[in-house]
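Engineer: Here's a structure for you.
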Amino acid sequence: MSAIATKSPRIITELPGPKAKALIARDAAVVSPSYARDYPFAMSHGRGAEVWDVDGNRFLDFAAGIAVCSTGHSHPEVVQAIKDAADGFLHISSDYWHERQVQLGERIRDLKPMGDEPAMCFMGQSGTEAVEGALKLARYVTGRPRFLGFLGGFHGRSMGSLSFTSSKYTQQAGFFPTMPGVTHVPYPNNFRPLFAGADQGKAVLDYIEKVLFQHNVPASEVAAILVEPIQGEGGYLVPPDGFLQGLRDLCDRHGILLIFDEVQSGIGRTGKMFAFQHWGVTPDIMTLAKGLGSGLPIGLVVAKKKIMEQWKRGAHGNTYGGNPVCCAAALATLDLVEREYMANAATVGAYFMDKLHALQARHSCIGQVRGRGLMIGMELVTPEGAPAKKLCDTLVTRAWHHGLILLACGQSTVRFMPPLVITTGDVDEAVEMIEAALVEAKAG
């Protein structure tokens, strides 16, 4: 459903409305305060790229449940697939077999995520569980104890994945020690370079090979390098051309496995099924979640068959992996993404980028617009070029008051990760709200 096609007003009550205030007060008494909530939005229902709060206010959703609702809210084909599966059975543990789990494994294999090599899946419930599985698999098959991760990366909050997460120190504060053996290096960022030279990708690769491996971390002890092909929580950073291929070459030289975390960037989000396909590089292991189930909890470890089949019986498992309802949602999602929404992400994403570049020309506080498909970041800066965190946070909140759901990432980047179903009309409506919110944020 297009936001433009709906003629009802966006905001009909003062925000937050009375029903939202009452619900949030009840929540405060019974739900953990650890959730990071930026503004008091209390959802009632959603359709496509639109959501309504409990007071009847209509919003255009450009956060999509943190890039989860890839086919929009309650897509009828996904909902029907869920109903059909639920009519059969809700659960059977991974001790047994069922049709939809096998179908999903076959479907992922047929997407050829490992290039010409066959792939196998391990199924779980979330991105962090997928990362945990990938780390265990890498350590199991290599017999090596160490890993490399990247500053700014986000890979989850369970103790193994948390050891790699470094987008904000608050995610680590109070939980030391996490899993030992993880060394972080900078993620290449040409907009905010940390190394000398114009090619930050090459500089990071040189640092790993010529400094880290020579002085601190024996390459022969590294099981895997874990990296987001496009860094998400750290700022929606697109790596320089050649960087991922350089990582692939480095891993091949030293017998290290390359793990791509596609939890946020995968399943059509960037205009290709997987973000790494923009650079023609294949991993040894990949993690998927978020947009795979259109809102239902599912995560996958995908690996080259020759790697995955080394796991012995009982080496790794879970209770809910391959849940039939979640597999049904994933199969319906993949149908829709392959059939139309991946191409839509590429087309509408390019249109959106053009609109944001035009906005940048009108507002000097927009330092950079970057991204692929519908994974787009707009970094805000001070007059001196420093990250404008307060401006970014204020813009996100003011956009909500105008009827647009947004989230931030990095130090001062507004991220745009709408459902892959959005239209150019939705983009036009959103950009009007973004500019209005930006003007208000600049005015303090």
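Each chain of the structure tokens is named A, B, ... in the order shown, its residues numbered from 1; ligands are numbered from 1 in display order.
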List as a PDB file with C-alpha atoms, in the first residue's frame the protein and nucleic acid residues near segment 233-239 of chain A, meaning an atom at most 8 Å away when only C-alpha atoms are counted, but skip any in the same chain fewer than 2 places from it.
Structural biologist:
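Written output follows (part_25.pdb):
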ATOM      1  CA  LEU A 151      35.620  -1.358  14.592  1.00  0.00           C
ATOM      2  CA  GLY A 152      32.098  -0.078  14.117  1.00  0.00           C
ATOM      3  CA  GLY A 153      30.761  -3.549  13.446  1.00  0.00           C
ATOM      4  CA  PHE A 154      27.549  -4.883  14.931  1.00  0.00           C
ATOM      5  CA  SER A 167      29.551   0.151  17.057  1.00  0.00           C
ATOM      6  CA  TYR A 187      36.649  -0.537   8.814  1.00  0.00           C
ATOM      7  CA  PRO A 188      37.757   1.461   5.740  1.00  0.00           C
ATOM      8  CA  ASN A 189      36.051   4.848   5.559  1.00  0.00           C
ATOM      9  CA  GLY A 201      40.634  -0.188   1.828  1.00  0.00           C
ATOM     10  CA  PRO A 229      30.050  -6.226   3.372  1.00  0.00           C
ATOM     11  CA  ILE A 230      28.303  -2.905   4.029  1.00  0.00           C
ATOM     12  CA  GLN A 231      28.699  -1.861   7.636  1.00  0.00           C
ATOM     13  CA  ASP A 241      36.131  -1.068  -4.348  1.00  0.00           C
ATOM     14  CA  PHE A 243      38.527  -4.078  -0.218  1.00  0.00           C
ATOM     15  CA  LEU A 244      36.396  -7.217  -0.023  1.00  0.00           C
ATOM     16  CA  ARG A 370      26.046   6.773   0.704  1.00  0.00           C
ATOM     17  CA  GLY A 371      24.599   3.327   0.226  1.00  0.00           C
ATOM     18  CA  ARG A 372      23.347   0.682  -2.162  1.00  0.00           C
ATOM     19  CA  MET A 375      20.367   0.648   2.492  1.00  0.00           C
ATOM     20  CA  ILE A 376      21.221   4.357   2.559  1.00  0.00           C
ATOM     21  CA  GLY A 377      22.995   6.562   5.094  1.00  0.00           C
ATOM     22  CA  GLU A 379      25.802  11.603   7.575  1.00  0.00           C
ATOM     23  CA  CYS A 409      23.475   4.787  13.217  1.00  0.00           C
ATOM     24  CA  GLY A 410      27.182   5.515  13.544  1.00  0.00           C
ATOM     25  CA  GLN A 411      28.052   8.794  15.219  1.00  0.00           C
ATOM     26  CA  SER A 412      25.696  11.057  13.249  1.00  0.00           C
ATOM     27  CA  THR A 413      24.159   9.152  10.355  1.00  0.00           C
ATOM     28  CA  ARG A 415      19.824   5.524   8.068  1.00  0.00           C
TER      29      ARG A 415
END
Engineer: Give me the residues within 10 Å of segment 102-119 of chain A as an mmCIF file with C-alpha atoms, in the first residue's frame, counting only C-alpha atoms and dropping any in the same chain fewer than 3 places off.
Structural biologist:
data_model
loop_
_atom_site.group_PDB
_atom_site.id
_atom_site.type_symbol
_atom_site.label_atom_id
_atom_site.label_comp_id
_atom_site.auth_asym_id
_atom_site.auth_seq_id
_atom_site.Cartn_x
_atom_site.Cartn_y
_atom_site.Cartn_z
ATOM 1 C CA TRP A 97 12.570 -33.514 9.429
ATOM 2 C CA HIS A 98 9.877 -31.529 7.663
ATOM 3 C CA GLU A 99 9.208 -30.292 4.131
ATOM 4 C CA PHE A 122 22.154 -24.277 9.732
ATOM 5 C CA MET A 123 18.872 -22.702 10.893
ATOM 6 C CA MET A 273 20.170 -10.706 -3.076
ATOM 7 C CA PHE A 274 23.384 -10.372 -1.057
ATOM 8 C CA PHE A 276 28.733 -8.920 -1.457
ATOM 9 C CA GLN A 277 27.473 -9.574 -4.990
ATOM 10 C CA GLY A 280 31.791 -10.299 -7.096
ATOM 11 C CA VAL A 281 33.388 -11.776 -3.972
ATOM 12 C CA THR A 282 32.146 -14.930 -2.253
ATOM 13 C CA PRO A 283 32.616 -15.869 1.415
ATOM 14 C CA ASP A 284 33.265 -19.213 3.045
ATOM 15 C CA ILE A 285 30.481 -18.660 5.577
ATOM 16 C CA MET A 286 27.604 -16.172 5.616
ATOM 17 C CA LEU A 300 20.769 -18.860 8.985
ATOM 18 C CA VAL A 302 25.155 -20.560 5.263
ATOM 19 C CA ALA A 303 28.483 -22.184 4.433
ATOM 20 C CA LYS A 304 30.265 -23.989 1.683
ATOM 21 C CA LYS A 305 29.162 -27.600 1.834
ATOM 22 C CA LYS A 306 32.718 -28.850 2.267
ATOM 23 C CA ILE A 307 32.944 -26.715 5.427
ATOM 24 C CA MET A 308 29.494 -27.306 6.922
ATOM 25 C CA GLU A 309 29.576 -31.087 6.448
ATOM 26 C CA GLY A 322 13.896 -24.610 11.142
ATOM 27 C CA CYS A 327 10.460 -21.320 7.175
ATOM 28 C CA ALA A 328 7.146 -20.671 5.428
ATOM 29 C CA ALA A 330 11.119 -17.106 4.601
ATOM 30 C CA LEU A 331 10.091 -19.043 1.490
ATOM 31 C CA LEU A 334 12.300 -15.065 -1.036
ATOM 32 C CA ASP A 335 9.617 -15.525 -3.707
ATOM 33 C CA GLU A 338 13.303 -12.453 -6.232
#
Engineer: Pick out the residues sitting within 8 Å of Leu226 of chain A, and hand them over as a ChimeraX atom specification; count only C-alpha atoms, and ignore anything fewer than 5 positions along from it in its own chain.
Structural biologist: /A:147-150,258-261
Engineer: Tell me, which residues of segment 239-417 of chain A carry DSSP helix (DSSP H, G or I), written as a ChimeraX atom specification?
Structural biologist: /A:243-254,275-278,290-293,305-308,324-362,389-402
Engineer: Could you dump the residues just selected with C-alpha atoms as a short mmCIF file (atom, residue, chain, number, x, y, z; two decimals), in the first residue's frame?
Structural biologist:
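Output (out_22.cif):
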data_model
loop_
_atom_site.label_atom_id
_atom_site.label_comp_id
_atom_site.auth_asym_id
_atom_site.auth_seq_id
_atom_site.Cartn_x
_atom_site.Cartn_y
_atom_site.Cartn_z
CA PHE A 243 38.53 -4.08 -0.22
CA LEU A 244 36.40 -7.22 -0.02
CA GLN A 245 38.42 -8.86 -2.79
CA GLY A 246 41.55 -7.92 -0.86
CA LEU A 247 40.16 -9.63 2.24
CA ARG A 248 39.33 -12.69 0.14
CA ASP A 249 42.90 -12.82 -1.18
CA LEU A 250 44.40 -12.29 2.28
CA CYS A 251 42.29 -15.11 3.75
CA ASP A 252 43.25 -17.45 0.91
CA ARG A 253 46.95 -16.76 1.45
CA HIS A 254 46.79 -17.60 5.15
CA ALA A 275 25.43 -7.19 -0.70
CA PHE A 276 28.73 -8.92 -1.46
CA GLN A 277 27.47 -9.57 -4.99
CA HIS A 278 28.11 -5.90 -5.81
CA LYS A 290 16.38 -9.78 9.64
CA GLY A 291 14.67 -9.42 6.23
CA LEU A 292 14.63 -13.16 5.56
CA GLY A 293 11.38 -13.79 7.43
CA LYS A 305 29.16 -27.60 1.83
CA LYS A 306 32.72 -28.85 2.27
CA ILE A 307 32.94 -26.71 5.43
CA MET A 308 29.49 -27.31 6.92
CA PRO A 324 7.89 -24.57 10.06
CA VAL A 325 6.06 -21.25 10.38
CA CYS A 326 9.27 -19.25 10.13
CA CYS A 327 10.46 -21.32 7.17
CA ALA A 328 7.15 -20.67 5.43
CA ALA A 329 7.56 -16.92 5.95
CA ALA A 330 11.12 -17.11 4.60
CA LEU A 331 10.09 -19.04 1.49
CA ALA A 332 7.30 -16.56 0.72
CA THR A 333 9.70 -13.66 1.34
CA LEU A 334 12.30 -15.06 -1.04
CA ASP A 335 9.62 -15.53 -3.71
CA LEU A 336 8.57 -11.90 -3.44
CA VAL A 337 12.09 -10.48 -3.23
CA GLU A 338 13.30 -12.45 -6.23
CA ARG A 339 10.19 -11.75 -8.27
CA GLU A 340 9.95 -7.99 -7.80
CA TYR A 341 11.26 -6.34 -4.65
CA MET A 342 14.99 -6.77 -5.19
CA ALA A 343 14.70 -4.94 -8.52
CA ASN A 344 12.45 -2.36 -6.86
CA ALA A 345 15.10 -1.76 -4.20
CA ALA A 346 17.67 -1.01 -6.88
CA THR A 347 15.39 1.31 -8.87
CA VAL A 348 13.72 3.19 -6.03
CA GLY A 349 16.99 3.25 -4.11
CA ALA A 350 18.72 5.08 -6.98
CA TYR A 351 15.81 7.54 -7.12
CA PHE A 352 16.04 8.07 -3.35
CA MET A 353 19.81 8.67 -3.54
CA ASP A 354 19.25 11.34 -6.21
CA LYS A 355 16.67 13.05 -4.00
CA LEU A 356 19.02 12.99 -1.02
CA HIS A 357 21.90 14.40 -3.07
CA ALA A 358 19.60 17.25 -4.10
CA LEU A 359 18.79 17.75 -0.41
CA GLN A 360 22.51 17.75 0.35
CA ALA A 361 23.01 20.57 -2.16
CA ARG A 362 20.53 22.67 -0.16
CA LYS A 389 25.28 13.80 16.79
CA LYS A 390 22.81 16.17 18.45
CA LEU A 391 21.54 17.38 15.07
CA CYS A 392 21.12 13.77 13.92
CA ASP A 393 19.20 12.71 17.02
CA THR A 394 16.97 15.78 16.85
CA LEU A 395 16.21 15.21 13.16
CA VAL A 396 15.13 11.62 13.86
CA THR A 397 12.77 12.78 16.61
CA ARG A 398 11.38 15.70 14.61
CA ALA A 399 10.77 13.39 11.63
CA TRP A 400 8.58 11.24 13.89
CA HIS A 401 6.52 14.32 14.74
CA HIS A 402 6.00 14.84 11.01
#
Engineer: Enumerate, in order of chain and increasing residue number, the residues of segment 245-349 of chain A with an atom no farther than 7 Å from segment 126-136 of chain A, each with its shortest atom pair and distance in Å to one decimal, counting only C-alpha atoms, as CSV.
Structural biologist:
residue,atom,partner,partner_atom,distance
A:Val263,CA,A:Gly127,CA,5.8
A:Ile285,CA,A:Ala134,CA,6.7
A:Thr287,CA,A:Ala130,CA,5.6
A:Leu288,CA,A:Gly127,CA,6.5
A:Ala289,CA,A:Gly127,CA,5.0
A:Lys290,CA,A:Gly127,CA,6.9
A:Pro297,CA,A:Ser126,CA,5.9
A:Ile298,CA,A:Ser126,CA,5.2
A:Gly299,CA,A:Ser126,CA,4.4
A:Leu300,CA,A:Ala130,CA,5.4
A:Val301,CA,A:Ala130,CA,5.2
Engineer: Hey, what's within 8 Å of Gly317 of chain A if we count only C-alpha atoms and toss same-chain stuff fewer than 3 positions away? As a VMD selection string, please?
Structural biologist: chain A and resid 94 314 321
Engineer: Write to file, as a PDB file, in the first residue's frame, the residues of the selection just made, with C-alpha atoms.
Structural biologist:
ATOM      1  CA  SER A  94      15.359 -30.130  14.864  1.00  0.00           C
ATOM      2  CA  GLY A 314      25.639 -33.114  17.949  1.00  0.00           C
ATOM      3  CA  GLY A 321      15.781 -23.934  14.352  1.00  0.00           C
TER       4      GLY A 321
END
Engineer: Can you pull out the residues contacting segment 40-45 of chain A? Cut-off 7 Å, using only C-alpha atoms, and skip same-chain residues under 4 positions away; I want them as JSON, numbers by chain.
Structural biologist: {"A": [16, 20, 51, 52, 53, 54]}
Engineer: Save the residues we just selected, C-alpha atoms, as a CSV table (one decimal), in the first residue's frame?
Structural biologist:
chain,number,residue,atom,x,y,z
A,16,PRO,CA,2.5,10.9,22.0
A,20,ALA,CA,0.4,5.7,23.7
A,51,VAL,CA,2.2,2.1,10.2
A,52,TRP,CA,-0.4,3.4,12.6
A,53,ASP,CA,0.0,4.1,16.3
A,54,VAL,CA,-2.5,3.2,19.0
Engineer: Just to confirm, what's the straight-line distance from atom CA of Glu384 of chain A to atom CA of Gln200 of chain A in Å (one decimal)?
Structural biologist: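 Atom CA of Gln200 of chain A lies at a distance of 21.8 Å from atom CA of Glu384 of chain A.
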Engineer: Could you check the closest approach to Ser158 of chain A for each of A:Met179, A:Val369, A:Leu137, A:Ala198 and tell me which residue wins, using only C-alpha atoms?
Structural biologist: A:Met179
Engineer: Could you give me, as a VMD selection string, each residue of segment 259-394 of chain A that DSSP assigns to strand (DSSP E) when run on this structure's backbone?
Structural biologist: chain A and resid 259 to 261 285 to 288 299 to 304 366 to 372 375 to 380
Engineer: Which residues come within 10 Å of Gly65 of chain A, counting only C-alpha atoms, excluding same-chain residues fewer than 2 positions away, as a PyMOL selection string?
Structural biologist: chain A and resi 61-63+67-70+72-73+290-291+294-295+405-407+417-419
Engineer: Interatomic distance between atom CA of Met378 of chain A and atom CA of Phe59 of chain A?
Structural biologist: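 If I compute the distance from atom CA of Met378 of chain A to atom CA of Phe59 of chain A, I get 20.3 Å.
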Engineer: Might you pull out every residue within 9 Å of segment 214-217 of chain A, with only C-alpha atoms counted and same-chain residues fewer than 6 positions away left off, and present them as an mmCIF file with C-alpha atoms, in the first residue's frame?
Structural biologist:
data_model
loop_
_atom_site.group_PDB
_atom_site.id
_atom_site.type_symbol
_atom_site.label_atom_id
_atom_site.label_comp_id
_atom_site.auth_asym_id
_atom_site.auth_seq_id
_atom_site.Cartn_x
_atom_site.Cartn_y
_atom_site.Cartn_z
ATOM 1 C CA ARG A 146 41.630 -16.335 17.003
ATOM 2 C CA THR A 183 41.176 -8.418 17.507
ATOM 3 C CA ILE A 208 46.416 -6.331 8.808
#
